[in-house]
Amino acid sequence: MRVLGIETSCDETGIALYDTEHGLLGHALYSQVDLHAQYGGVVPELASRDHVRKIIPLIKKVLNDCDTAFEQIDGVAYTAGPGLIGALLVGAAVGRSLAWTWQVPAIGVHHIEGHLLAAQLEEPAPTYPFLALLVSGGHTQLVEVAGVGQYTLLGESVDDAAGEAFDKTAKLLGLNYPGGPALARLAEQGNPDVFQFPRPMTQRPGLDFSFSGFKTSVLTTWRAQEQTEQTRADIARAFEEAVIDTLAIKCRRALQQTGLTRLVIAGGVAANQRLRTRLTQLADKMGNRVYFPRPIFCTDNGAMIAYAGALRLAAGQCEPLKFNAHPRWAITELPLYD
């Protein structure tokens, strides 16, 4: 089964073509970073309009690159949520319309399910069950994944997501948008022994996270010091170390509590090299295995939507002749995969 995947949940237009027999055939991604940089963050209306401009040319590019005619498409998958409502509606309208025109089934995919399954695009792919740490700009969650559609939420951030904390901290330090990657690059120049920040909620039981307090710690420290470039780098390093340490502590606790031996890291922050190194070391020490998507599939992309959609379409699930978009949508509300 050959499935076209469309991702438009926020500020990246992702298109991919996945074949259930031959794997990922091709993908393309357009980022709106330059468009939103002057505003210091994503402007929803501008994001929606840019998806409108880019989505059809990207679909044509992927089909052309894969030497695939529309008659060879067996299904269409699009991100139905969660995300920015206007951006979601662009992908949903185009995806459902193409499926109707081509007379093939369509399915709305949960954005988080796409991230949870993205590591299965790699070799070797993780087998079920596994523990997933989803760590991105909008979500920080620990999820037990027993199979497609079989998700148990074990813990999540009670305030800011980890990626959101990266972006806000970067802004406090005067770094350019997008802040998270800029802060990670700056941290490479920092001394980890100069400053120490707390590891929130690690001294109490449970698997929830809290990252909002880092903003106060960073701002207080920055204002109290001579504001040199080295000080900025040292604070960035201390912040990054504290966030990664917090994530590692909770992952270790979740692995111990569940008895699972496979750990999957997904979401935009999963591309952070220091996080990847730390969690690989953790898994090795515990005798477990850790899996990461390639960096381009950590951020929002069409490949994960095409893959997740292909699994559900191949199982006979599809949407009626209408489309829905869900700006808020709990992963636990998804139907089981048969």
# chains A, B, ... in the order shown; residues from 1 in each chain; ligands from 1
>>> residues_around(residues="A:Gln72", least_positions_apart="2", cutoff="10 Å", atoms="only C-alpha atoms", output="PyMOL selection string")
chain A and resi 1-3+63+67-70+74-75+102
>>> closest_atom_pairs(of="stretch 181-206 of chain A", to="stretch 212-215 of chain A", cutoff="12 Å", atoms="only C-alpha atoms", output="JSON lines")
{"residue": "A:Gln196", "atom": "CA", "partner": "A:Phe214", "partner_atom": "CA", "distance": 11.1}
{"residue": "A:Phe197", "atom": "CA", "partner": "A:Phe214", "partner_atom": "CA", "distance": 7.6}
{"residue": "A:Pro198", "atom": "CA", "partner": "A:Phe214", "partner_atom": "CA", "distance": 8.1}
{"residue": "A:Arg199", "atom": "CA", "partner": "A:Phe214", "partner_atom": "CA", "distance": 9.2}
{"residue": "A:Pro200", "atom": "CA", "partner": "A:Gly213", "partner_atom": "CA", "distance": 7.9}
{"residue": "A:Met201", "atom": "CA", "partner": "A:Gly213", "partner_atom": "CA", "distance": 10.8}
>>> write_last_selection(atoms="all heavy atoms", output="mmCIF file, in the first residue's frame")
data_model
loop_
_atom_site.group_PDB
_atom_site.id
_atom_site.type_symbol
_atom_site.label_atom_id
_atom_site.label_comp_id
_atom_site.auth_asym_id
_atom_site.auth_seq_id
_atom_site.Cartn_x
_atom_site.Cartn_y
_atom_site.Cartn_z
ATOM 1 N N GLN A 196 24.978 25.895 38.694
ATOM 2 C CA GLN A 196 24.160 24.714 38.926
ATOM 3 C C GLN A 196 22.708 25.130 39.087
ATOM 4 O O GLN A 196 22.400 26.011 39.884
ATOM 5 C CB GLN A 196 24.624 23.968 40.190
ATOM 6 C CG GLN A 196 25.969 23.283 40.047
ATOM 7 C CD GLN A 196 25.911 22.080 39.135
ATOM 8 O OE1 GLN A 196 24.931 21.333 39.122
ATOM 9 N NE2 GLN A 196 26.957 21.893 38.333
ATOM 10 N N PHE A 197 21.819 24.517 38.313
ATOM 11 C CA PHE A 197 20.390 24.775 38.433
ATOM 12 C C PHE A 197 19.693 23.547 39.014
ATOM 13 O O PHE A 197 20.192 22.424 38.894
ATOM 14 C CB PHE A 197 19.793 25.115 37.070
ATOM 15 C CG PHE A 197 20.270 26.416 36.502
ATOM 16 C CD1 PHE A 197 20.597 26.533 35.159
ATOM 17 C CD2 PHE A 197 20.403 27.538 37.313
ATOM 18 C CE1 PHE A 197 21.035 27.727 34.620
ATOM 19 C CE2 PHE A 197 20.852 28.746 36.790
ATOM 20 C CZ PHE A 197 21.166 28.841 35.445
ATOM 21 N N PRO A 198 18.548 23.737 39.666
ATOM 22 C CA PRO A 198 17.826 22.601 40.270
ATOM 23 C C PRO A 198 17.296 21.634 39.224
ATOM 24 O O PRO A 198 17.160 21.973 38.044
ATOM 25 C CB PRO A 198 16.686 23.278 41.038
ATOM 26 C CG PRO A 198 16.474 24.582 40.333
ATOM 27 C CD PRO A 198 17.829 25.022 39.882
ATOM 28 N N ARG A 199 17.006 20.405 39.686
ATOM 29 C CA ARG A 199 16.361 19.381 38.870
ATOM 30 C C ARG A 199 14.939 19.214 39.396
ATOM 31 O O ARG A 199 14.699 18.442 40.329
ATOM 32 C CB ARG A 199 17.104 18.054 38.953
ATOM 33 C CG ARG A 199 18.309 17.903 38.033
ATOM 34 C CD ARG A 199 19.407 18.899 38.252
ATOM 35 N NE ARG A 199 20.603 18.550 37.466
ATOM 36 C CZ ARG A 199 21.573 19.403 37.173
ATOM 37 N NH1 ARG A 199 21.490 20.679 37.578
ATOM 38 N NH2 ARG A 199 22.621 19.008 36.480
ATOM 39 N N PRO A 200 13.965 19.961 38.856
ATOM 40 C CA PRO A 200 12.621 20.016 39.444
ATOM 41 C C PRO A 200 11.918 18.667 39.464
ATOM 42 O O PRO A 200 12.002 17.874 38.532
ATOM 43 C CB PRO A 200 11.874 20.996 38.524
ATOM 44 C CG PRO A 200 12.939 21.760 37.817
ATOM 45 C CD PRO A 200 14.079 20.817 37.675
ATOM 46 N N MET A 201 11.229 18.412 40.560
ATOM 47 C CA MET A 201 10.348 17.250 40.742
ATOM 48 C C MET A 201 11.073 15.901 40.679
ATOM 49 O O MET A 201 10.442 14.863 40.516
ATOM 50 C CB MET A 201 9.195 17.277 39.714
ATOM 51 C CG MET A 201 8.280 18.474 39.865
ATOM 52 S SD MET A 201 6.882 18.484 38.705
ATOM 53 C CE MET A 201 5.879 17.156 39.389
#
>>> closest_residue(among="A:Asp300, A:Ser157, A:Thr261, A:Leu334", to="A:Ile15", atoms="only C-alpha atoms")
A:Asp300
>>> closest_residue(among="A:Ala187, A:Leu131, A:Leu172, A:Leu279", to="A:Ser217", atoms="only C-alpha atoms")
A:Leu172
>>> residues_around(residues="A:Ile6", least_positions_apart="2", cutoff="12 Å", atoms="only C-alpha atoms", output="NGL selection string")
:A and (3-4 or 8-9 or 12-18 or 27-30 or 51 or 54-56 or 58-59 or 62 or 75-81 or 87-96 or 98-99 or 106-111 or 114 or 300-310)
>>> select_by_dssp(residues="stretch 99-307 of chain A", states="alpha helix (DSSP H)", output="number ranges by chain")
A: 99-102, 111-117, 162-172, 179-187, 213-224, 229-258, 273-286, 302-307
>>> atom_distance(atom1="atom CA of A:Arg252", atom2="atom CA of A:Thr221")
29.3 Å
>>> atom_distance(atom1="atom CA of A:Leu116", atom2="atom CA of A:Phe292")
10.4 Å
>>> select_by_dssp(residues="stretch 22-231 of chain A", states="strand (DSSP E)", output="NGL selection string")
:A and (23-31 or 75-81 or 106-110 or 130-135 or 140-147 or 150-156)
>>> residues_around(residues="A:Glu188", least_positions_apart="6", cutoff="9 Å", atoms="only C-alpha atoms", output="PyMOL selection string")
chain A and resi 233+236-237
>>> write_last_selection(atoms="N, CA, C and O atoms", output="PDB file, in the first residue's frame")
ATOM      1  N   ALA A 233      27.335  31.623  27.821  1.00  0.00           N
ATOM      2  CA  ALA A 233      27.576  30.229  27.455  1.00  0.00           C
ATOM      3  C   ALA A 233      27.546  29.318  28.672  1.00  0.00           C
ATOM      4  O   ALA A 233      27.021  28.196  28.617  1.00  0.00           O
ATOM      5  N   ALA A 236      23.939  28.806  29.644  1.00  0.00           N
ATOM      6  CA  ALA A 236      23.305  27.903  28.676  1.00  0.00           C
ATOM      7  C   ALA A 236      23.694  26.456  28.955  1.00  0.00           C
ATOM      8  O   ALA A 236      22.845  25.553  28.904  1.00  0.00           O
ATOM      9  N   ARG A 237      24.963  26.218  29.284  1.00  0.00           N
ATOM     10  CA  ARG A 237      25.418  24.855  29.567  1.00  0.00           C
ATOM     11  C   ARG A 237      24.765  24.326  30.841  1.00  0.00           C
ATOM     12  O   ARG A 237      24.316  23.162  30.887  1.00  0.00           O
TER      13      ARG A 237
END
>>> residues_around(residues="stretch 327-332 of chain A", least_positions_apart="3", cutoff="6 Å", atoms="only C-alpha atoms", output="number ranges by chain")
A: 81-85
>>> atom_distance(atom1="atom CA of A:Arg294", atom2="atom CA of A:Ala119")
7.9 Å
>>> closest_residue(among="A:Gly5, A:Gly137, A:Gly149, A:Gly23", to="A:Glu333", atoms="only C-alpha atoms")
A:Gly149
